[in-house]
Structure formats: structure tokens, C-alpha cells
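Engineer: Dropping in entry.txt, with compact mmCIF, C-alpha atoms.
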```
# COMPACT_ATOMS: atom_id res chain seq x y z
CA MET K 4 69.79 70.22 116.19
CA LYS K 5 73.26 69.54 114.84
CA LYS K 6 75.58 72.48 114.30
CA PHE K 7 79.02 72.38 112.78
CA THR K 8 81.63 74.94 111.74
CA LEU K 9 84.59 74.32 109.48
CA SER K 10 87.86 75.96 110.48
CA ILE K 11 89.64 78.19 107.97
CA VAL K 12 92.84 76.16 108.35
CA ALA K 13 91.06 72.93 107.49
CA LEU K 14 89.36 74.62 104.57
CA LEU K 15 92.63 75.89 103.18
CA LEU K 16 93.96 72.35 103.27
CA ALA K 17 90.89 70.51 102.07
CA MET K 18 88.47 72.83 100.29
CA PRO K 19 89.16 73.84 96.68
CA MET K 20 88.61 77.37 95.52
CA MET K 21 85.58 77.84 93.31
CA ALA K 22 86.20 80.20 90.42
CA GLN K 23 83.34 82.60 89.76
CA SER K 24 84.97 84.71 87.05
CA ASP K 25 88.38 85.57 85.64
CA THR K 26 89.06 88.08 88.42
CA GLN K 27 86.77 86.80 91.12
CA ASP K 28 86.79 83.62 93.18
CA SER K 29 85.36 82.51 96.49
CA LEU K 30 86.40 80.40 99.43
CA LEU K 31 83.99 78.54 101.71
CA LEU K 32 84.59 79.76 105.27
CA SER K 33 81.88 77.98 107.25
CA LYS K 34 78.74 75.91 106.94
CA GLU K 35 76.11 75.46 109.62
CA GLN K 36 72.55 74.27 109.98
CA ARG K 37 69.94 76.65 111.37
CA GLY K 38 66.61 74.90 111.78
CA ASP K 39 65.54 73.70 108.36
CA LYS K 40 68.18 75.83 106.58
CA VAL K 41 71.85 75.35 105.82
CA VAL K 42 73.83 78.60 105.81
CA GLU K 43 77.14 78.81 103.95
CA ARG K 44 79.55 81.75 104.38
CA TYR K 45 81.95 82.54 101.53
CA LEU K 46 84.88 84.92 101.25
CA VAL K 47 84.45 86.48 97.80
CA ARG K 48 87.74 87.83 96.56
CA ASN K 49 87.81 91.09 94.59
CA ALA K 50 84.07 91.52 95.11
CA ASP K 51 84.25 95.20 94.16
CA SER K 52 86.85 97.73 93.07
CA GLY K 53 87.51 101.44 93.33
CA GLN K 54 89.98 104.25 92.85
CA THR K 55 91.27 107.07 95.03
CA GLU K 56 93.65 109.96 94.40
CA PHE K 57 96.16 111.98 96.43
CA ASP K 58 97.92 115.18 95.40
CA MET K 59 101.43 116.23 96.46
CA LEU K 60 102.49 119.84 95.80
CA PHE K 61 106.01 121.14 95.06
CA PRO K 62 107.64 124.57 95.33
CA ILE K 63 108.59 126.34 92.10
CA ASN K 64 111.53 124.72 90.27
CA ASN K 65 111.72 122.01 92.95
CA SER K 66 111.14 118.24 92.94
CA THR K 67 111.75 117.51 96.62
CA LEU K 68 108.68 116.33 98.52
CA GLN K 69 108.24 118.55 101.58
CA SER K 70 105.64 117.40 104.09
CA SER K 71 105.31 120.92 105.53
CA PHE K 72 104.74 122.61 102.15
CA SER K 73 101.22 123.87 101.38
CA SER K 74 98.61 121.12 101.97
CA ASN K 75 101.06 118.21 101.83
CA ALA K 76 100.69 117.38 105.54
CA ASP K 77 96.96 116.67 105.11
CA ALA K 78 97.54 114.69 101.90
CA ILE K 79 100.25 112.54 103.50
CA ALA K 80 98.08 111.88 106.57
CA ALA K 81 95.20 110.77 104.31
CA LEU K 82 97.57 108.54 102.33
CA ASP K 83 98.85 106.95 105.55
CA ARG K 84 95.28 106.13 106.62
CA PHE K 85 94.60 104.59 103.23
CA VAL K 86 97.75 102.46 103.39
CA GLU K 87 96.82 101.23 106.88
CA GLN K 88 93.40 100.24 105.60
CA ALA K 89 95.00 98.46 102.65
CA ALA K 90 97.06 96.39 105.09
CA ASP K 91 93.80 94.67 106.07
CA THR K 92 93.32 91.36 104.26
CA THR K 93 89.96 92.49 102.88
CA MET K 94 91.49 95.29 100.79
CA HIS K 95 94.17 95.03 98.12
CA ILE K 96 95.99 97.79 96.23
CA THR K 97 96.09 96.51 92.67
CA LYS K 98 97.91 99.33 90.88
CA VAL K 99 99.43 102.79 91.45
CA VAL K 100 99.87 105.32 88.64
CA ILE K 101 101.75 108.54 89.43
CA ILE K 102 101.72 111.58 87.13
CA GLY K 103 104.23 114.36 87.68
CA TYR K 104 103.32 117.86 86.50
CA ALA K 105 105.06 121.19 85.94
CA SER K 106 103.50 124.63 85.43
CA PRO K 107 103.89 126.33 82.01
CA ASP K 108 106.12 129.18 83.14
CA GLY K 109 109.72 128.81 82.06
CA VAL K 110 111.39 126.68 79.38
CA GLU K 111 109.29 123.75 78.22
CA ALA K 112 112.15 121.22 78.09
CA LYS K 113 113.18 122.03 81.66
CA ASN K 114 109.55 121.83 82.78
CA MET K 115 109.24 118.32 81.34
CA ALA K 116 112.34 117.18 83.18
CA LEU K 117 110.99 118.74 86.37
CA ALA K 118 107.66 116.93 85.92
CA LYS K 119 109.46 113.58 85.55
CA ALA K 120 111.54 114.25 88.65
CA ARG K 121 108.40 115.02 90.66
CA ALA K 122 106.81 111.77 89.48
CA THR K 123 109.92 109.82 90.54
CA THR K 124 109.95 111.50 93.97
CA ALA K 125 106.32 110.57 94.57
CA ALA K 126 106.93 107.01 93.35
CA ASP K 127 109.80 106.57 95.81
CA PHE K 128 107.55 107.78 98.61
CA VAL K 129 104.74 105.37 97.68
CA THR K 130 107.14 102.44 97.30
CA LYS K 131 108.29 102.93 100.89
CA GLN K 132 104.69 103.07 102.07
CA CYS K 133 103.46 100.16 99.91
CA PRO K 134 106.48 98.00 99.02
CA LYS K 135 104.36 95.28 97.41
CA SER K 136 102.41 97.59 95.10
CA SER K 137 103.04 97.96 91.39
CA VAL K 138 103.93 101.61 90.66
CA ALA K 139 104.00 103.23 87.20
CA THR K 140 105.01 106.83 86.45
CA THR K 141 104.39 109.36 83.70
CA ALA K 142 104.84 113.12 83.36
CA LYS K 143 103.23 116.17 81.78
CA ALA K 144 104.42 119.76 81.38
CA TYR K 145 101.42 122.09 81.20
CA HIS K 146 101.01 124.60 78.37
CA TRP K 147 99.55 128.06 78.75
CA ALA K 148 96.40 126.97 76.92
CA ASP K 149 95.74 124.55 79.81
CA CYS K 150 95.02 127.58 82.01
CA ILE K 151 92.00 128.70 79.95
CA PRO K 152 89.31 126.71 81.90
CA VAL K 153 90.60 128.14 85.21
CA VAL K 154 90.72 131.70 83.87
CA GLU K 155 87.19 131.43 82.45
CA SER K 156 85.87 130.50 85.91
CA MET K 157 87.56 133.49 87.60
CA ASN K 158 86.91 137.21 87.86
CA LEU K 159 90.30 138.13 86.42
CA PRO K 160 91.49 141.63 85.37
CA ASP K 161 91.88 141.95 81.59
CA LYS K 162 90.20 138.59 81.30
CA SER K 163 89.40 138.72 77.58
CA GLN K 164 92.94 139.85 76.76
CA VAL K 165 94.39 137.07 78.91
CA ILE K 166 92.28 134.43 77.17
CA ALA K 167 93.35 135.79 73.77
CA ILE K 168 97.00 135.39 74.78
CA LEU K 169 96.51 131.88 76.20
CA SER K 170 94.64 130.63 73.12
CA SER K 171 97.01 132.15 70.54
CA THR K 172 98.39 129.72 67.97
CA THR K 173 100.98 132.15 66.54
CA HIS K 174 103.00 132.79 69.70
CA SER K 175 105.46 130.46 71.44
CA GLU K 176 105.12 129.51 75.09
CA LEU K 177 107.81 132.02 76.11
CA GLU K 178 106.16 134.77 74.08
CA LYS K 179 102.83 134.07 75.80
CA GLN K 180 104.49 134.34 79.20
CA ALA K 181 106.13 137.64 78.29
CA ALA K 182 102.75 139.03 77.17
CA LEU K 183 101.07 137.90 80.39
CA GLU K 184 103.79 139.47 82.55
CA LYS K 185 102.95 142.86 81.01
CA LEU K 186 99.42 142.54 82.45
CA GLN K 187 100.67 143.10 85.99
CA LYS K 188 97.43 142.60 87.94
CA ALA K 189 96.57 139.45 86.05
CA TRP K 190 100.14 138.15 86.36
CA ILE K 191 100.08 138.48 90.15
CA ILE K 192 97.01 136.24 90.24
CA PHE K 193 98.74 133.77 87.93
CA LYS K 194 101.81 133.59 90.18
CA ASN K 195 99.90 133.31 93.46
CA THR K 196 96.74 131.40 92.54
CA ILE K 197 96.76 129.70 89.14
CA LEU K 198 100.29 128.34 88.71
CA PRO K 199 101.14 126.85 92.18
CA PRO K 200 98.53 124.02 92.05
CA MET K 201 99.94 122.98 88.66
CA ARG K 202 103.28 122.04 90.28
CA HIS K 203 102.29 118.71 91.71
CA SER K 204 102.27 114.94 91.49
CA GLU K 205 99.00 113.06 91.21
CA LEU K 206 98.92 109.66 92.95
CA ASN K 207 96.19 107.36 91.60
CA PHE K 208 95.48 104.15 93.54
CA ALA K 209 93.34 101.31 92.18
CA TYR K 210 92.15 98.78 94.75
CA SER K 211 89.76 95.88 95.27
CA ASN K 212 87.86 94.60 98.31
CA ASP K 213 87.09 91.09 99.53
CA LYS K 214 83.66 90.53 101.10
CA VAL K 215 82.03 87.83 103.18
CA VAL K 216 78.63 86.77 101.84
CA GLU K 217 76.08 84.25 103.07
CA LYS K 218 74.05 81.79 101.05
CA SER K 219 71.24 79.78 102.59
CA PHE K 220 68.95 77.05 101.32
CA VAL K 221 66.18 74.95 102.83
CA VAL K 222 66.99 71.35 103.69
CA ARG K 223 64.01 68.97 103.66
CA PRO K 224 64.25 65.63 105.52
CA PRO K 225 64.37 62.61 103.22
CA GLN K 226 60.94 61.16 102.54
CA PRO K 227 60.48 57.37 103.01
CA LYS K 228 60.29 55.42 99.82
CA PRO K 229 56.79 54.11 99.08
CA GLN K 230 56.38 50.42 99.82
CA PRO K 231 55.60 48.25 96.82
CA VAL K 232 51.95 47.19 96.64
CA ALA K 233 51.49 43.39 96.51
CA GLN K 234 49.35 42.44 93.57
CA SER K 235 47.01 39.46 94.19
CA LYS K 236 47.05 36.71 91.61
CA PRO K 237 43.79 36.24 89.76
CA VAL K 238 41.75 33.29 91.06
CA THR K 239 41.04 30.69 88.41
CA GLU K 240 37.36 30.27 88.21
CA GLN K 241 36.14 26.66 88.42
CA LYS K 242 32.93 25.48 86.90
CA ARG K 243 30.30 25.25 89.56
CA TYR K 244 27.05 23.29 89.62
CA PRO K 245 23.99 24.48 91.49
CA VAL K 246 23.54 22.53 94.71
CA ALA K 247 20.44 22.45 96.89
CA VAL K 248 19.94 20.87 100.30
CA VAL K 249 16.58 19.15 100.30
CA GLU K 250 16.59 17.08 103.52
CA THR K 251 18.72 16.61 106.63
CA ASP K 252 18.48 13.71 109.14
CA GLU K 253 20.79 12.07 111.66
CA THR K 254 22.49 9.84 109.07
CA GLY K 255 23.65 12.58 106.72
CA ILE K 256 22.69 15.05 104.09
CA ILE K 257 20.64 14.23 101.03
CA VAL K 258 21.75 16.35 98.09
CA GLU K 259 19.72 16.91 94.97
CA VAL K 260 21.91 16.82 91.90
CA PRO K 261 20.71 18.36 88.67
CA GLN K 262 19.58 15.98 85.96
CA LYS K 263 22.48 16.80 83.62
CA GLU K 264 24.95 15.95 86.30
CA ARG K 265 23.24 12.57 86.99
CA ARG K 266 23.47 11.60 83.32
CA HIS K 267 27.16 12.55 83.30
CA ARG K 268 27.87 10.33 86.29
CA ARG K 269 26.09 7.30 84.78
CA LYS K 270 28.23 7.45 81.66
CA ASN K 271 31.39 7.37 83.74
CA ARG K 272 30.43 4.28 85.69
```
Is it possible to express this structure as C-alpha cells?
Structural biologist:
Amino acid sequence: MKKFTLSIVALLLAMPMMAQSDTQDSLLLSKEQRGDKVVERYLVRNADSGQTEFDMLFPINNSTLQSSFSSNADAIAALDRFVEQAADTTMHITKVVIIGYASPDGVEAKNMALAKARATTAADFVTKQCPKSSVATTAKAYHWADCIPVVESMNLPDKSQVIAILSSTTHSELEKQAALEKLQKAWIIFKNTILPPMRHSELNFAYSNDKVVEKSFVVRPPQPKPQPVAQSKPVTEQKRYPVAVVETDETGIIVEVPQKERRHRRKNR
């Protein structure tokens, strides 16, 4: 049984890549014979893709990333593990999109600037971790109406009045905040529970994975070619006359010739 393996170096020099789609291609890694089968191993690039997200929180009116603040230590540790995994040749970070956010309390224009600054801070952090990755940033300043889904899911004091304030279309953002501050019990929950998670940067990573796949097929030994069959030439039939042996003695054989044959011989004499 003959077995052979092609080295990756030789393949890179001699084997062409085989395109399978616009975003997917494969490289032959090895080829070997196992019994009556030939097994080929391919490295399929970008075989599948996925997304993952990390969240970095910021103190109020602050855009400095603090590893010890809130749950940032756990988020940074998870991001470090992800980056280490991405350093493997089978995984590739294809794109990073960072969104900076600011809570609705305060002046909207300042909140938007704060959201942009938080996005930039997170982008700088990711660029140091993944210098080869493409990073894009955007920003969003929340409005008070964005708090409605959270409030509806909570057991909040003066809940119906709070929702009426949040959903108002006749009051400005600062007027809504002033009305909420008058509902002291509800405002305490806003300050301690609802607003802090809204001061964050969202880090979205898109990635792809390479995979090694095997393809096998049966190899049948070559069958001998059939030998050509010799065709015999047809034998030309000759006219035959009936012959009969009538007597045998020591001097020879006496043959009786039919009468028609005797007449034919006389004419030719």
C-alpha cells in the first residue's frame, strides 16, 4: 500500500488555490491513499462566520475607560480571551463596529459629544488589542422615550405617570427630566438602576473561521483492455464430386468416377 503526504510548504509553492465562492476558497493540505480510497484534506477559508459583543461602562459625565468600574473587569477579560483566540490562524476578525452611548439626563448636545468620546475611547482600546482590525465608530445619545421598555418591565412607583412623562410629545427632554425628578422614589430608581447601563460603549466584532475538511473517493484499479478477437476469413467453397472407393489391392486404389465426370474428361483429351 502506497501512502504519501504533501507538505504545506510544497503546496504553497506548487498548488493553486481553488475558488469555491466570492468569499470562500480552499487549499489542498494533504492527499493519501487508504485502501481503495483516496482521502484529500482541504483548508476551507472563511467556512463560517459569526458575531460577538462586549460592553464597556462609563461613570456619569465621563469618557475614560476604567477597568475597575462596574463590570468592566469581566468584559475586558472576556475581550482578551477573544483576541487571543483570534490570533489563531483558523479565526479572523473581519470588522469591528463600536457604538458610544450617553444617557438622556442632561443637555442633549453635550450627551452626543460624550457618546462620541466614549466610542473613540473604546476604539483606541480595541486598536491596541487588535492592530490589524478595521474599526468603525458611531454614537447615539439616548432620549427619555428610550427608557419606556425598561420601565414597562419593572415594578416602578408611579409607573403610569412615569410612562406618560416619557412618552410625551409636547415636552422637551429637559422638561421631562424635571418632571421625573419631582417623582422622588421613581427618580432614585432611574439614577441607580435605569440610567447607569445607558452610559456605555458597545463593541461589535464580526469574525470568520477556517476549517479543515476531508473528501474521499473510491479508486478502482484500471481494468485490462479487451483483446481484439481475430475474425477467421471465410473459406471459399470448391465444387466437389462424389467419390467412392470400390476396390483396393496391392497396386493401388481403383476409384469409380461418376458418369458425368467421365464424359467431361473425354472431351478434354
Engineer: Of the residues K:Met157, K:Val99, K:Ile168, K:Met59, which is the one nearest to K:Thr124, using all atoms listed in the file?
Structural biologist: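 Smallest separation from K:Thr124 among the options: K:Met59.
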Engineer: Contacts of stretch 112-115 of chain K at 12 Å or less, counting only C-alpha atoms, minus same-chain residues fewer than 3 places along, as a PDB file with C-alpha atoms, in the coordinates of the input?
Structural biologist:
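Now in result.pdb:
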```
ATOM      1  CA  ILE K  63     108.590 126.340  92.100  1.00  0.00           C
ATOM      2  CA  ASN K  64     111.530 124.720  90.270  1.00  0.00           C
ATOM      3  CA  ASN K  65     111.720 122.010  92.950  1.00  0.00           C
ATOM      4  CA  SER K  66     111.140 118.240  92.940  1.00  0.00           C
ATOM      5  CA  ILE K 102     101.720 111.580  87.130  1.00  0.00           C
ATOM      6  CA  GLY K 103     104.230 114.360  87.680  1.00  0.00           C
ATOM      7  CA  TYR K 104     103.320 117.860  86.500  1.00  0.00           C
ATOM      8  CA  ALA K 105     105.060 121.190  85.940  1.00  0.00           C
ATOM      9  CA  SER K 106     103.500 124.630  85.430  1.00  0.00           C
ATOM     10  CA  PRO K 107     103.890 126.330  82.010  1.00  0.00           C
ATOM     11  CA  ASP K 108     106.120 129.180  83.140  1.00  0.00           C
ATOM     12  CA  GLY K 109     109.720 128.810  82.060  1.00  0.00           C
ATOM     13  CA  ALA K 118     107.660 116.930  85.920  1.00  0.00           C
ATOM     14  CA  LYS K 119     109.460 113.580  85.550  1.00  0.00           C
ATOM     15  CA  ALA K 120     111.540 114.250  88.650  1.00  0.00           C
ATOM     16  CA  ARG K 121     108.400 115.020  90.660  1.00  0.00           C
ATOM     17  CA  ALA K 122     106.810 111.770  89.480  1.00  0.00           C
ATOM     18  CA  THR K 141     104.390 109.360  83.700  1.00  0.00           C
ATOM     19  CA  ALA K 142     104.840 113.120  83.360  1.00  0.00           C
ATOM     20  CA  LYS K 143     103.230 116.170  81.780  1.00  0.00           C
ATOM     21  CA  ALA K 144     104.420 119.760  81.380  1.00  0.00           C
ATOM     22  CA  TYR K 145     101.420 122.090  81.200  1.00  0.00           C
ATOM     23  CA  HIS K 146     101.010 124.600  78.370  1.00  0.00           C
ATOM     24  CA  GLU K 176     105.120 129.510  75.090  1.00  0.00           C
ATOM     25  CA  LEU K 177     107.810 132.020  76.110  1.00  0.00           C
ATOM     26  CA  MET K 201      99.940 122.980  88.660  1.00  0.00           C
ATOM     27  CA  ARG K 202     103.280 122.040  90.280  1.00  0.00           C
ATOM     28  CA  HIS K 203     102.290 118.710  91.710  1.00  0.00           C
TER      29      HIS K 203
END
```
Engineer: Considering only C-alpha atoms, return as number ranges by chain whatever protein or nucleic-acid residues lie within 9 Å of K:Asp58, sequence-local ones (same chain, fewer than 6 positions apart) excluded.
Structural biologist: K: 74-75, 78-79, 203-207
Engineer: Using Å and a single decimal, report how far atom CA of K:Lys218 sits from atom CA of K:Arg44.
Structural biologist: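 Between atom CA of K:Arg44 and atom CA of K:Lys218 the gap is 6.4 Å.
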Engineer: What does the structure give for the distance between atom CA of K:Leu169 and atom CA of K:Trp147, in Å to one decimal?
Structural biologist: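 Computing the Euclidean distance for atom CA of K:Leu169 and atom CA of K:Trp147 yields 5.5 Å.
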Engineer: Between atom CA of K:Gln187 and atom CA of K:Ile166, what is the distance in Å, rounded to a tenth?
Structural biologist: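 These atoms are spaced 14.9 Å apart.
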Engineer: So which one's closest to K:Arg48, K:Leu31, K:Pro231, K:Leu183, K:Lys135? Using all atoms listed in the file, please.
Structural biologist: K:Leu31
Engineer: Would you list the residues near (66.9, 78.4, 104.6) (no more than 9 Å away, in the coordinates of the file, using only C-alpha atoms) as a PyMOL selection string?
Structural biologist: chain K and resi 36-42+218-222
